[in-house]
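What's in my_file-v4.txt: compact mmCIF, C-alpha atoms
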# COMPACT_ATOMS: atom_id res chain seq x y z
CA MET A 172 -15.02 -13.68 -10.04
CA ASN A 173 -17.43 -11.70 -12.15
CA LEU A 174 -17.84 -8.12 -10.95
CA SER A 175 -21.11 -7.76 -12.83
CA THR A 176 -22.80 -10.19 -10.44
CA ALA A 177 -22.15 -7.95 -7.43
CA SER A 178 -25.10 -6.10 -5.93
CA SER A 179 -25.46 -3.80 -2.93
CA SER A 180 -25.81 -6.83 -0.64
CA THR A 181 -22.53 -8.37 -1.76
CA LEU A 182 -18.93 -7.24 -1.74
CA SER A 183 -17.72 -5.53 -4.88
CA VAL A 184 -14.30 -7.22 -4.75
CA GLY A 185 -13.02 -10.79 -4.88
CA HIS A 186 -9.79 -10.19 -2.95
CA LEU A 187 -9.10 -7.96 0.04
CA VAL A 188 -5.54 -6.70 -0.27
CA SER A 189 -5.85 -2.99 0.52
CA ILE A 190 -8.56 -1.30 2.57
CA LEU A 191 -9.04 0.85 -0.55
CA ASP A 192 -10.26 -2.26 -2.37
CA LEU A 193 -13.45 -1.78 -0.35
CA SER A 194 -15.94 0.94 -1.20
CA GLN A 195 -17.75 2.81 1.55
CA SER A 196 -20.79 0.55 1.02
CA ASP A 197 -18.56 -2.56 1.23
CA ILE A 198 -17.27 -1.36 4.61
CA ASP A 199 -20.81 -0.67 5.83
CA LEU A 200 -21.85 -4.12 4.62
CA VAL A 201 -19.11 -5.91 6.60
CA LEU A 202 -19.71 -3.88 9.78
CA ASP A 203 -23.49 -4.35 9.65
CA ARG A 204 -23.09 -8.08 9.07
CA ALA A 205 -20.66 -8.36 11.99
CA ASP A 206 -23.45 -7.20 14.31
CA LYS A 207 -26.07 -9.60 12.89
CA LEU A 208 -24.18 -12.84 12.60
CA GLY A 209 -26.26 -15.95 12.27
CA CYS A 210 -23.23 -18.25 12.00
CA GLU A 211 -24.64 -20.33 9.18
CA ARG A 212 -22.26 -23.13 8.29
CA GLN A 213 -21.44 -21.58 4.92
CA TRP A 214 -17.89 -22.94 4.89
CA ALA A 215 -18.84 -26.54 5.74
CA GLY A 216 -16.73 -28.91 3.68
CA ARG A 217 -14.46 -26.06 2.61
CA GLN A 218 -10.97 -25.14 3.65
CA VAL A 219 -9.18 -21.84 4.29
CA ALA A 220 -5.38 -21.66 4.08
CA LEU A 221 -3.84 -19.50 6.82
CA LEU A 222 -0.35 -18.68 5.54
CA PHE A 223 1.33 -16.63 8.25
CA TYR A 224 4.99 -15.99 7.44
CA GLU A 225 5.17 -13.83 10.58
CA ASN A 226 3.98 -14.76 14.03
CA SER A 227 0.52 -13.64 15.00
CA THR A 228 -1.73 -14.16 17.97
CA ARG A 229 -4.99 -12.29 17.43
CA THR A 230 -5.24 -12.18 13.65
CA TYR A 231 -4.33 -15.86 13.18
CA ASN A 232 -6.60 -17.16 15.91
CA SER A 233 -9.54 -14.93 15.10
CA PHE A 234 -9.47 -16.06 11.46
CA ARG A 235 -9.13 -19.68 12.60
CA THR A 236 -12.03 -19.32 15.03
CA ALA A 237 -14.19 -17.60 12.41
CA VAL A 238 -13.57 -20.36 9.85
CA HIS A 239 -14.39 -23.08 12.38
CA ARG A 240 -17.60 -21.32 13.49
CA LEU A 241 -18.65 -21.26 9.84
CA GLY A 242 -18.14 -25.00 9.64
CA GLY A 243 -14.92 -24.86 7.64
CA SER A 244 -11.45 -26.22 8.27
CA THR A 245 -8.03 -24.58 8.10
CA CYS A 246 -4.59 -25.56 6.85
CA GLY A 247 -1.30 -23.69 6.58
CA PHE A 248 1.22 -22.40 9.10
CA SER A 249 1.93 -19.68 11.65
CA GLY A 250 5.64 -18.95 11.45
CA VAL A 251 7.77 -20.54 8.74
CA GLU A 252 9.71 -22.96 10.93
CA GLY A 253 9.44 -26.49 9.58
CA THR A 254 7.91 -25.40 6.25
CA SER A 255 9.30 -25.44 2.73
CA VAL A 256 9.69 -21.68 3.01
CA GLN A 257 12.79 -22.36 5.09
CA LYS A 258 14.14 -24.43 2.23
CA GLY A 259 13.79 -21.39 -0.01
CA GLU A 260 10.39 -21.94 -1.57
CA SER A 261 9.06 -18.74 -3.11
CA LEU A 262 5.77 -17.09 -2.20
CA HIS A 263 4.68 -17.73 -5.77
CA ASP A 264 5.13 -21.51 -5.44
CA THR A 265 3.54 -21.62 -1.99
CA ILE A 266 0.45 -19.81 -3.26
CA ARG A 267 0.21 -22.10 -6.30
CA MET A 268 0.28 -25.09 -3.95
CA PHE A 269 -2.21 -23.89 -1.40
CA GLU A 270 -4.72 -22.67 -4.00
CA SER A 271 -5.23 -26.34 -4.79
CA TYR A 272 -5.85 -27.21 -1.12
CA ALA A 273 -8.05 -24.28 -0.12
CA ASP A 274 -11.00 -22.18 -1.24
CA LEU A 275 -9.51 -18.98 0.19
CA ILE A 276 -6.06 -17.86 1.33
CA VAL A 277 -5.34 -15.58 4.27
CA LEU A 278 -1.78 -14.28 3.99
CA ARG A 279 0.56 -12.52 6.39
CA HIS A 280 4.01 -11.76 4.98
CA PRO A 281 6.98 -9.61 6.02
CA ASN A 282 7.36 -7.92 2.62
CA ASP A 283 5.32 -4.95 1.45
CA GLY A 284 3.14 -5.83 -1.54
CA ALA A 285 3.24 -9.60 -0.97
CA ALA A 286 -0.54 -9.83 -0.72
CA ARG A 287 -1.11 -8.06 -4.05
CA TRP A 288 1.37 -10.40 -5.70
CA ALA A 289 -0.43 -13.37 -4.15
CA ALA A 290 -3.80 -12.07 -5.35
CA ASP A 291 -2.41 -11.61 -8.86
CA ILE A 292 -1.35 -15.25 -9.11
CA SER A 293 -3.97 -17.03 -6.99
CA SER A 294 -7.04 -18.65 -8.50
CA VAL A 295 -8.84 -18.39 -5.13
CA PRO A 296 -9.61 -15.20 -3.16
CA VAL A 297 -6.80 -13.74 -1.04
CA ILE A 298 -7.22 -11.76 2.18
CA ASN A 299 -4.29 -9.65 3.33
CA ALA A 300 -3.63 -10.26 7.03
CA GLY A 301 -0.71 -7.81 7.04
CA ASP A 302 2.03 -7.28 4.46
CA GLY A 303 5.20 -5.76 5.88
CA GLN A 304 4.73 -2.09 6.65
CA ASN A 305 2.12 -1.68 3.98
CA GLU A 306 -1.43 -2.59 5.05
CA HIS A 307 -3.57 -4.59 7.44
CA PRO A 308 -7.11 -4.15 6.10
CA THR A 309 -8.93 -6.64 8.33
CA GLN A 310 -7.50 -4.94 11.44
CA THR A 311 -8.89 -1.72 10.02
CA LEU A 312 -12.32 -3.27 9.63
CA LEU A 313 -12.39 -4.12 13.31
CA ASP A 314 -10.99 -0.66 14.17
CA LEU A 315 -13.89 0.85 12.21
CA HIS A 316 -16.28 -1.57 13.93
CA ALA A 317 -15.11 -0.27 17.32
CA ILE A 318 -15.31 3.36 16.21
CA LYS A 319 -18.84 2.92 14.88
CA LYS A 320 -19.96 1.10 18.02
CA THR A 321 -18.63 3.79 20.34
CA GLN A 322 -19.24 6.96 18.31
CA GLY A 323 -22.26 5.86 16.25
CA ARG A 324 -20.69 7.09 13.01
CA LEU A 325 -17.61 6.96 10.81
CA ASN A 326 -17.74 10.55 9.57
CA ASN A 327 -17.10 13.96 11.16
CA LEU A 328 -14.71 12.42 13.67
CA LYS A 329 -11.54 13.75 15.22
CA VAL A 330 -9.07 10.89 15.48
CA ALA A 331 -5.56 11.02 16.95
CA LEU A 332 -3.06 8.50 15.55
CA VAL A 333 -0.29 8.22 18.12
CA GLY A 334 3.19 6.70 18.21
CA ASP A 335 4.93 4.88 15.37
CA LEU A 336 3.22 6.19 12.26
CA LEU A 337 6.11 5.32 9.94
CA TYR A 338 6.37 1.56 10.32
CA GLY A 339 2.86 0.68 11.53
CA ARG A 340 0.68 -0.89 8.84
CA THR A 341 -2.53 -0.53 10.87
CA VAL A 342 -2.17 3.25 10.80
CA ARG A 343 -1.72 3.28 7.04
CA SER A 344 -4.85 1.26 6.46
CA LEU A 345 -6.94 3.11 9.05
CA SER A 346 -5.99 6.57 7.78
CA GLN A 347 -6.91 5.55 4.24
CA ALA A 348 -10.21 4.05 5.41
CA LEU A 349 -11.15 7.21 7.31
CA SER A 350 -10.56 9.19 4.13
CA ARG A 351 -13.51 7.27 2.63
CA PHE A 352 -15.86 9.10 5.04
CA ALA A 353 -16.56 12.85 4.97
CA GLY A 354 -15.50 15.42 7.50
CA ASN A 355 -12.87 13.45 9.40
CA THR A 356 -9.81 15.08 10.97
CA LEU A 357 -6.61 13.18 11.73
CA TYR A 358 -4.21 14.41 14.38
CA LEU A 359 -0.82 12.80 13.83
CA VAL A 360 1.12 12.59 17.10
CA SER A 361 4.61 11.11 16.75
CA PRO A 362 8.28 11.94 17.05
CA PRO A 363 9.66 13.53 13.85
CA PHE A 364 11.49 10.35 12.83
CA LEU A 365 8.36 8.19 13.04
CA ARG A 366 5.97 10.41 11.09
CA LEU A 367 3.46 9.18 8.55
CA PRO A 368 5.23 9.06 5.14
CA GLY A 369 4.95 12.30 3.17
CA PRO A 370 3.44 10.78 -0.01
CA LEU A 371 0.66 9.14 2.05
CA LYS A 372 -0.06 12.43 3.84
CA ARG A 373 -0.30 14.23 0.50
CA TRP A 374 -2.63 11.55 -0.86
CA LEU A 375 -4.87 11.75 2.23
CA ARG A 376 -5.11 15.53 1.89
CA GLU A 377 -6.03 15.11 -1.77
CA GLN A 378 -8.92 12.89 -0.62
CA GLY A 379 -10.23 15.81 1.45
CA ILE A 380 -9.28 14.61 4.92
CA ASN A 381 -8.01 17.26 7.33
CA ILE A 382 -4.56 16.44 8.75
CA GLU A 383 -2.83 18.21 11.63
CA GLU A 384 0.55 17.19 13.05
CA ARG A 385 1.03 17.67 16.78
CA ALA A 386 4.05 17.04 18.97
CA THR A 387 2.37 15.83 22.17
CA LEU A 388 -0.72 13.99 23.37
CA ASP A 389 -1.69 16.86 25.70
CA GLU A 390 -2.35 19.10 22.72
CA VAL A 391 -5.00 16.82 21.20
CA ILE A 392 -6.73 14.95 24.02
CA PRO A 393 -9.45 17.56 24.76
CA GLU A 394 -10.51 17.70 21.11
CA ILE A 395 -10.60 14.10 19.96
CA ASP A 396 -13.25 11.36 19.70
CA ILE A 397 -10.78 8.49 19.24
CA CYS A 398 -7.22 8.10 20.49
CA TYR A 399 -5.59 5.36 18.39
CA MET A 400 -2.40 4.29 20.14
CA THR A 401 0.25 2.21 18.37
CA ARG A 402 3.23 0.14 19.41
CA VAL A 403 6.71 0.98 18.17
CA GLN A 404 7.52 -1.62 15.52
CA LYS A 405 10.92 -2.49 16.97
CA GLU A 406 11.21 -5.49 14.66
CA ARG A 407 11.08 -3.16 11.64
CA MET A 408 13.50 -0.51 12.94
CA SER A 409 17.27 -0.59 12.58
CA GLY A 410 17.85 1.48 15.71
CA ILE A 411 15.40 2.57 18.38
CA ASP A 412 17.65 4.48 20.76
CA GLU A 413 16.21 7.75 19.60
CA PHE A 414 12.69 6.57 20.28
CA LEU A 415 13.56 5.23 23.72
CA ARG A 416 14.62 8.77 24.66
CA VAL A 417 11.20 10.20 23.84
CA GLU A 418 8.84 7.26 24.42
CA HIS A 419 7.43 8.74 27.64
CA SER A 420 6.03 11.60 25.52
CA TYR A 421 3.85 9.12 23.67
CA ARG A 422 2.76 7.02 26.64
CA LEU A 423 -0.90 7.43 27.56
CA THR A 424 -1.60 7.71 31.29
CA PRO A 425 -4.73 8.52 33.33
CA ARG A 426 -3.41 12.07 33.71
CA HIS A 427 -3.84 12.67 29.96
CA LEU A 428 -7.45 11.52 30.15
CA GLU A 429 -8.52 14.14 32.70
CA GLU A 430 -9.20 16.57 29.85
CA ALA A 431 -10.82 14.04 27.50
CA LYS A 432 -14.43 14.18 26.33
CA PRO A 433 -16.59 11.65 28.26
CA THR A 434 -17.28 9.77 25.02
CA MET A 435 -13.64 9.63 23.91
CA LYS A 436 -12.34 6.07 23.49
CA VAL A 437 -8.80 4.73 23.42
CA LEU A 438 -8.12 2.09 20.77
CA HIS A 439 -5.03 -0.02 20.10
CA PRO A 440 -4.46 -2.81 17.56
CA LEU A 441 -2.55 -4.76 20.26
CA PRO A 442 -0.19 -6.11 21.43
CA ARG A 443 0.38 -3.24 23.85
CA VAL A 444 3.87 -2.77 25.22
CA LYS A 445 4.44 0.43 27.21
CA GLU A 446 2.45 2.96 25.23
CA ILE A 447 -0.67 2.68 27.41
CA ALA A 448 -0.27 2.59 31.18
CA VAL A 449 -2.18 -0.34 32.70
CA GLU A 450 -4.04 2.12 34.95
CA VAL A 451 -5.82 3.37 31.82
CA ASP A 452 -7.53 -0.05 31.58
CA GLN A 453 -9.75 0.89 34.54
CA THR A 454 -11.02 4.14 32.98
CA PRO A 455 -14.21 4.38 30.90
CA HIS A 456 -12.07 5.53 27.98
CA ALA A 457 -10.29 2.19 27.55
CA TYR A 458 -11.86 0.23 24.70
CA TYR A 459 -8.94 -1.78 23.23
CA PHE A 460 -9.96 -5.15 24.63
CA GLU A 461 -13.56 -4.72 23.43
CA GLN A 462 -12.10 -3.60 20.10
CA ALA A 463 -10.09 -6.84 19.87
CA LYS A 464 -13.22 -8.89 20.65
CA GLY A 465 -14.59 -7.61 17.35
CA GLY A 466 -11.87 -9.59 15.55
CA VAL A 467 -13.91 -12.79 15.27
CA PRO A 468 -17.31 -11.33 14.25
CA VAL A 469 -15.76 -8.91 11.76
CA ARG A 470 -13.61 -11.60 10.12
CA LEU A 471 -16.52 -14.00 10.24
CA ALA A 472 -18.68 -11.42 8.44
CA LEU A 473 -15.96 -10.89 5.85
CA LEU A 474 -15.64 -14.64 5.23
CA GLU A 475 -19.42 -14.99 4.92
CA LEU A 476 -19.63 -12.15 2.43
CA MET A 477 -16.71 -13.49 0.39
CA ARG A 478 -18.33 -16.91 0.30
CA GLU A 479 -21.67 -15.42 -0.79
CA ARG A 480 -19.89 -13.47 -3.50
CA ALA A 481 -18.14 -16.61 -4.76
CA ILE A 482 -21.47 -18.49 -4.99
CA LEU A 483 -23.14 -15.77 -7.09
CA MET B 201 22.14 15.85 -41.36
CA LYS B 202 20.26 13.23 -43.31
CA ILE B 203 19.02 9.80 -42.44
CA SER B 204 16.96 7.69 -44.83
CA GLU B 205 15.20 5.45 -42.29
CA GLY B 206 14.93 5.98 -38.57
CA VAL B 207 14.08 8.66 -36.09
CA ILE B 208 15.04 12.22 -35.22
CA ILE B 209 14.80 13.00 -31.50
CA ASP B 210 14.44 16.74 -31.12
CA HIS B 211 14.04 19.10 -28.18
CA LEU B 212 16.36 17.25 -25.85
CA PRO B 213 17.78 19.26 -22.94
CA PRO B 214 21.31 20.52 -23.75
CA TRP B 215 24.02 17.91 -23.10
CA SER B 216 21.47 15.16 -22.39
CA ALA B 217 22.04 13.31 -25.70
CA PRO B 218 25.12 11.26 -24.64
CA GLY B 219 23.34 10.00 -21.53
CA LEU B 220 20.22 9.18 -23.52
CA LEU B 221 22.21 7.22 -26.08
CA ALA B 222 23.66 5.12 -23.29
CA LEU B 223 20.21 4.62 -21.78
CA LEU B 224 18.84 3.52 -25.16
CA ARG B 225 21.85 1.22 -25.60
CA LEU B 226 22.67 2.89 -28.92
CA LYS B 227 26.33 3.62 -28.30
CA GLU B 228 27.74 0.50 -29.87
CA ARG B 229 25.62 0.24 -33.01
CA SER B 230 27.24 0.31 -36.44
CA GLU B 231 24.44 2.39 -38.00
CA ARG B 232 24.91 6.10 -38.67
CA LEU B 233 24.06 8.48 -35.89
CA TYR B 234 24.37 12.27 -35.81
CA ALA B 235 24.21 14.41 -32.72
CA ALA B 236 23.96 18.17 -32.33
CA LEU B 237 24.80 19.31 -28.82
CA ASN B 238 23.86 22.58 -27.16
CA VAL B 239 22.54 24.21 -30.34
CA PRO B 240 20.26 27.30 -30.32
CA SER B 241 16.54 26.64 -29.94
CA THR B 242 13.68 29.11 -30.19
CA ARG B 243 11.58 27.09 -27.72
CA MET B 244 14.26 25.95 -25.27
CA GLY B 245 17.12 28.41 -25.60
CA CYS B 246 19.57 25.56 -26.18
CA LYS B 247 18.92 21.92 -27.06
CA ASP B 248 20.38 18.65 -28.30
CA ILE B 249 19.15 16.76 -31.38
CA LEU B 250 19.79 13.17 -32.43
CA TRP B 251 19.41 11.70 -35.93
CA ILE B 252 19.50 7.90 -35.64
CA GLN B 253 19.56 5.67 -38.70
CA ALA B 254 17.61 2.38 -38.69
CA TYR B 255 16.19 2.77 -35.21
CA TRP B 256 12.56 2.65 -34.12
CA PRO B 257 11.98 3.09 -30.38
CA ASP B 258 9.85 0.50 -28.64
CA PRO B 259 7.47 1.45 -25.76
CA ALA B 260 10.28 0.98 -23.23
CA ASP B 261 12.49 3.39 -25.20
CA PHE B 262 9.63 5.90 -25.41
CA PHE B 263 9.53 5.83 -21.63
CA ARG B 264 13.30 6.24 -21.30
CA ILE B 265 13.21 9.22 -23.67
CA GLN B 266 10.38 10.84 -21.73
CA VAL B 267 12.22 10.46 -18.43
CA VAL B 268 15.33 12.19 -19.81
CA ALA B 269 13.49 14.70 -21.96
CA PRO B 270 9.83 15.29 -21.09
CA GLU B 271 9.49 17.81 -23.95
CA ALA B 272 11.15 15.67 -26.60
CA THR B 273 9.66 15.34 -30.08
CA LEU B 274 10.22 12.22 -32.18
CA VAL B 275 10.12 12.54 -35.96
CA PHE B 276 10.01 9.30 -37.89
CA VAL B 277 11.72 9.09 -41.28
CA GLU B 278 10.93 6.55 -43.99
CA LYS B 279 12.66 6.52 -47.39
CA GLY B 280 14.10 9.93 -46.63
CA VAL B 281 10.70 11.49 -45.89
CA LYS B 282 9.45 12.64 -42.47
CA THR B 283 6.30 10.59 -41.92
CA ALA B 284 5.15 11.28 -38.37
CA SER B 285 5.94 13.48 -35.40
CA VAL B 286 5.03 12.38 -31.89
CA CYS B 287 5.61 13.34 -28.28
CA PRO B 288 6.18 10.33 -26.00
CA VAL B 289 3.15 9.51 -23.83
CA LEU B 290 3.43 7.00 -21.02
CA PRO B 291 0.95 4.14 -20.65
CA GLU B 292 -1.05 3.90 -17.40
CA MET B 293 1.06 0.95 -16.24
CA LEU B 294 4.76 0.44 -16.85
CA GLU B 295 5.62 -3.25 -16.95
CA GLN B 296 9.20 -4.51 -16.51
CA LEU B 297 10.58 -1.01 -17.02
CA VAL B 298 11.00 0.52 -13.56
CA LEU B 299 11.98 -0.82 -10.15
CA CYS B 300 9.91 0.02 -7.10
CA SER B 301 11.87 2.40 -4.87
CA ASN B 302 10.86 0.55 -1.69
CA PRO B 303 13.67 -1.80 -0.57
CA ARG B 304 11.15 -3.90 1.41
CA CYS B 305 8.87 -4.46 -1.60
CA ILE B 306 8.15 -8.06 -2.58
CA THR B 307 9.65 -7.26 -6.00
CA ARG B 308 13.06 -6.94 -4.31
CA VAL B 309 13.03 -10.43 -2.82
CA GLU B 310 11.15 -12.57 -5.33
CA GLU B 311 10.98 -12.90 -9.08
CA VAL B 312 7.94 -10.71 -9.56
CA PRO B 313 7.15 -8.81 -12.77
CA HIS B 314 7.80 -5.14 -12.06
CA LYS B 315 4.58 -3.14 -12.42
CA VAL B 316 4.42 0.57 -11.73
CA LYS B 317 1.41 2.85 -12.23
CA VAL B 318 1.98 6.27 -13.75
CA LEU B 319 0.28 8.75 -11.41
CA SER B 320 1.38 11.86 -13.28
CA GLN B 321 2.80 12.17 -16.80
CA ASP B 322 3.93 15.76 -16.23
CA GLU B 323 5.62 15.32 -12.86
CA LEU B 324 6.71 11.73 -13.56
CA ALA B 325 5.12 10.39 -10.38
CA PHE B 326 4.77 6.64 -9.98
CA GLN B 327 3.21 4.07 -7.64
CA CYS B 328 4.20 0.43 -7.22
CA HIS B 329 1.33 -1.89 -8.15
CA TYR B 330 2.22 -4.22 -5.26
CA CYS B 331 3.30 -2.21 -2.22
CA GLN B 332 1.66 1.10 -3.22
CA THR B 333 4.85 3.07 -2.61
CA ARG B 334 4.71 6.41 -4.38
CA PHE B 335 7.93 7.80 -5.84
CA ASP B 336 9.12 10.28 -8.42
CA LYS B 337 11.81 10.88 -11.03
CA LYS B 338 14.49 11.43 -8.38
CA GLU B 339 14.08 7.85 -7.09
CA LEU B 340 13.67 6.27 -10.50
CA GLN B 341 15.63 3.11 -11.30
CA PHE B 342 15.21 1.31 -14.59
CA ALA B 343 14.60 -2.44 -14.48

Please go through the file and, once you have read it, give me the structure as structure tokens.
Amino acid sequence: MNLSTASSSTLSVGHLVSILDLSQSDIDLVLDRADKLGCERQWAGRQVALLFYENSTRTYNSFRTAVHRLGGSTCGFSGVEGTSVQKGESLHDTIRMFESYADLIVLRHPNDGAARWAADISSVPVINAGDGQNEHPTQTLLDLHAIKKTQGRLNNLKVALVGDLLYGRTVRSLSQALSRFAGNTLYLVSPPFLRLPGPLKRWLREQGINIEERATLDEVIPEIDICYMTRVQKERMSGIDEFLRVEHSYRLTPRHLEEAKPTMKVLHPLPRVKEIAVEVDQTPHAYYFEQAKGGVPVRLALLELMRERAIL
Amino acid sequence: MKISEGVIIDHLPPWSAPGLLALLRLKERSERLYAALNVPSTRMGCKDILWIQAYWPDPADFFRIQVVAPEATLVFVEKGVKTASVCPVLPEMLEQLVLCSNPRCITRVEEVPHKVKVLSQDELAFQCHYCQTRFDKKELQFA
């Protein structure tokens, strides 16, 4: 794709691997489009490969739904059972095959950096739908969509990131995205052994974002605009005994919300396990299911914009 | 010490020369090689110096020298005359030279060309092109 053809009404990138691939105006463009979808059948007669090496419910199905609403079809797999991957086929060879079947590849892979490698070798655009512990940029786009809808802005926000900040890829992408907007403060609430990696914290501070580490939810609830809860990534941890001893400290209950601002919203990339008590669902602060509903329009907007960019 | 063709590597930290020779795979060559270990230096207090006949470092060797000796100076010799003096400077991207420090990186499970960005020449800070892991000299592994 030729970057020189991009204008302010098109994306500036051909692939979406990291949330940092998108400029602030790219992010605004996707979020604005998500709210004004016309569902033109831009993908009619075209195919999108959904290559999900890890199981997925929301991301896989929201991409699939978005492609179908745009008139396109999908191919690929969700989980590697029954595929050539089980026979030992490399990611390289799988990408080289599917680039001949599809006009765009959506990839989820258990290894960090897999999406960048795929983008380097693919002749068609690649969207990262989660690579190991590294990034999940389309989840971040719908997180930002929810934040903008509820707070009316993406700057000058106080956001708590709670739980597993070490292994969670959504937190990595969201924290980097929030650094694109001025005046944001991140409160990092996690046990010491699940803290955001030091090099990422240093990088975020270099970008001008204010970071404060807190031990408990009680300390931050009265101050924040967004409480972003995360699940412990048990599948990525070697031992979780230590976490199980402290997990109640990072479980959000209605009691915590008594001190919250009326406009404060609780977000979660889902699936939820125990980190949010079900009683929270009934409070006006719960927004995670509405947040998840943004998955289709946001991914639909992204697909539309990538298609428009490819046509230019 | 005199070499007619090759390179003099000066301003090496004291006692670093044997390790550097191993890193540059120069230990088993038949060409002449002189080493001065732990000799007085105005700039460094003490230093090592290497005079290596018939050797011209490639970009990968430049990088290896800089990792061991960030203040090293390389003096090239042709027909017995010193022709150029350079300090190693790293390119923006190191290709096939360094392994990513992240054990979960795609480069550890597939045949992927190793690509690492140089974030800081002075502090020797790096970032994997693929998984974005940032690491420094302490975690450095050569490819």

Go through chain A and flag each residue having an atom no more than 6 Å from chain B; for those, report the closest pair of atoms plus their distance in Å to one decimal, using only C-alpha atoms, ordered by chain and rising number, as JSON lines.
{"residue": "A:Asn282", "atom": "CA", "partner": "B:Ile306", "partner_atom": "CA", "distance": 5.3}
{"residue": "A:Asp283", "atom": "CA", "partner": "B:Cys305", "partner_atom": "CA", "distance": 4.7}
{"residue": "A:Gly284", "atom": "CA", "partner": "B:Cys331", "partner_atom": "CA", "distance": 3.7}
{"residue": "A:Ala285", "atom": "CA", "partner": "B:Ile306", "partner_atom": "CA", "distance": 5.4}
{"residue": "A:Arg287", "atom": "CA", "partner": "B:Tyr330", "partner_atom": "CA", "distance": 5.2}

- Item | For Cys246 (chain B): contacts at 10 Å, all atoms listed in the file, fewer than 4 positions along chain excluded, given as a list in words |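 Surrounding residues, per the criterion: His211, Leu212, Pro213, Pro214, Trp215, Leu237, Asn238, Val239, Pro240, Ser241 and Thr242 of chain B.
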
*asked:* Which residues are near region 246-258 of chain A? Cut-off 7 Å, only C-alpha atoms, ignore same chain within fewer than 5 positions. Put them as a list of chain:residue names.
replied: A:Val219, A:Ala220, A:Leu221, A:Leu222, A:Phe223, A:Tyr224, A:Glu225, A:Asn226

If we count all atoms listed in the file, what is near Gly354 (chain A) at a cut-off of 7 Å, once residues fewer than 2 positions away on the same chain are taken out, given as a list in words?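 The filter keeps Asn326, Asn327, Leu328, Phe352, Thr356 and Ile380 of chain A.
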
Judged by all atoms listed in the file, the minimum distance to Leu274 (chain B) among B:Leu324, B:Leu223, B:Val316, B:Ile249 is found for B:Ile249

At most 9 Å is the cut-off: for each residue in region 173-281 of chain A with any atom that close to an atom of region 298-317 of chain A, write down the nearest atom pair and the distance in Å rounded to one decimal, counting all atoms listed in the file, chain first then increasing number, as a tab-separated table.
residue	atom	partner	partner_atom	distance
A:His186	CA	A:Ile298	CA	5.9
A:Leu187	CA	A:Ile298	CA	4.7
A:Val188	CA	A:Asn299	CA	4.8
A:Ser189	CA	A:Pro308	CA	5.8
A:Ile190	CA	A:Pro308	CA	4.8
A:Leu191	CA	A:Pro308	CA	8.5
A:Ile198	CA	A:Leu312	CA	7.3
A:Val201	CA	A:Leu312	CA	7.9
A:Leu202	CA	A:His316	CA	5.9
A:Asp203	CA	A:His316	CA	8.8
A:Ala205	CA	A:His316	CA	8.3
A:Phe223	CA	A:Ala300	CA	8.2
A:Thr230	CA	A:Ala300	CA	7.1
A:Tyr231	CA	A:Ala300	CA	8.3
A:Leu275	CA	A:Ile298	CA	7.8
A:Ile276	CA	A:Ile298	CA	6.3
A:Val277	CA	A:Ile298	CA	4.7
A:Leu278	CA	A:Asn299	CA	5.3
A:Arg279	CA	A:Ala300	CA	4.8
A:His280	CA	A:Asp302	CA	4.9
A:Pro281	CA	A:Gly303	CA	4.2

Now that the selection is made, can you save its residues with C-alpha atoms as an mmCIF file, in the coordinates of the input?
data_model
loop_
_atom_site.group_PDB
_atom_site.id
_atom_site.type_symbol
_atom_site.label_atom_id
_atom_site.label_comp_id
_atom_site.auth_asym_id
_atom_site.auth_seq_id
_atom_site.Cartn_x
_atom_site.Cartn_y
_atom_site.Cartn_z
ATOM 1 C CA HIS A 186 -9.790 -10.190 -2.950
ATOM 2 C CA LEU A 187 -9.100 -7.960 0.040
ATOM 3 C CA VAL A 188 -5.540 -6.700 -0.270
ATOM 4 C CA SER A 189 -5.850 -2.990 0.520
ATOM 5 C CA ILE A 190 -8.560 -1.300 2.570
ATOM 6 C CA LEU A 191 -9.040 0.850 -0.550
ATOM 7 C CA ILE A 198 -17.270 -1.360 4.610
ATOM 8 C CA VAL A 201 -19.110 -5.910 6.600
ATOM 9 C CA LEU A 202 -19.710 -3.880 9.780
ATOM 10 C CA ASP A 203 -23.490 -4.350 9.650
ATOM 11 C CA ALA A 205 -20.660 -8.360 11.990
ATOM 12 C CA PHE A 223 1.330 -16.630 8.250
ATOM 13 C CA THR A 230 -5.240 -12.180 13.650
ATOM 14 C CA TYR A 231 -4.330 -15.860 13.180
ATOM 15 C CA LEU A 275 -9.510 -18.980 0.190
ATOM 16 C CA ILE A 276 -6.060 -17.860 1.330
ATOM 17 C CA VAL A 277 -5.340 -15.580 4.270
ATOM 18 C CA LEU A 278 -1.780 -14.280 3.990
ATOM 19 C CA ARG A 279 0.560 -12.520 6.390
ATOM 20 C CA HIS A 280 4.010 -11.760 4.980
ATOM 21 C CA PRO A 281 6.980 -9.610 6.020
#

Open item on the list: Would you pick out the contacts of Thr401 (chain A) at 12 Å or less, using only C-alpha atoms, so that residues sharing its chain but fewer than 3 positions from it are not included, and give the list as JSON, numbers by chain?
Closed with: {"A": [331, 332, 333, 334, 335, 336, 337, 338, 339, 340, 341, 342, 343, 345, 359, 360, 361, 365, 398, 404, 405, 418, 421, 422, 423, 437, 438, 439, 440, 441, 442, 443, 444, 445, 446, 447, 459]}

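Among the candidates A:Gly379, A:Gly465, A:Pro425, A:Gly185, the residue lying nearest to Val297 (chain A) is A:Gly185 (atoms considered: all atoms listed in the file).
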
Next item on the list: Identify which of the residues B:Leu221, B:Leu290, B:Ile209, B:Ala343 lies closest to His314 (chain B), counting only C-alpha atoms when measuring atom-to-atom distances.
Entry: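 Going through B:Leu221, B:Leu290, B:Ile209, B:Ala343 one by one, the smallest distance to His314 (chain B) is for B:Ala343.
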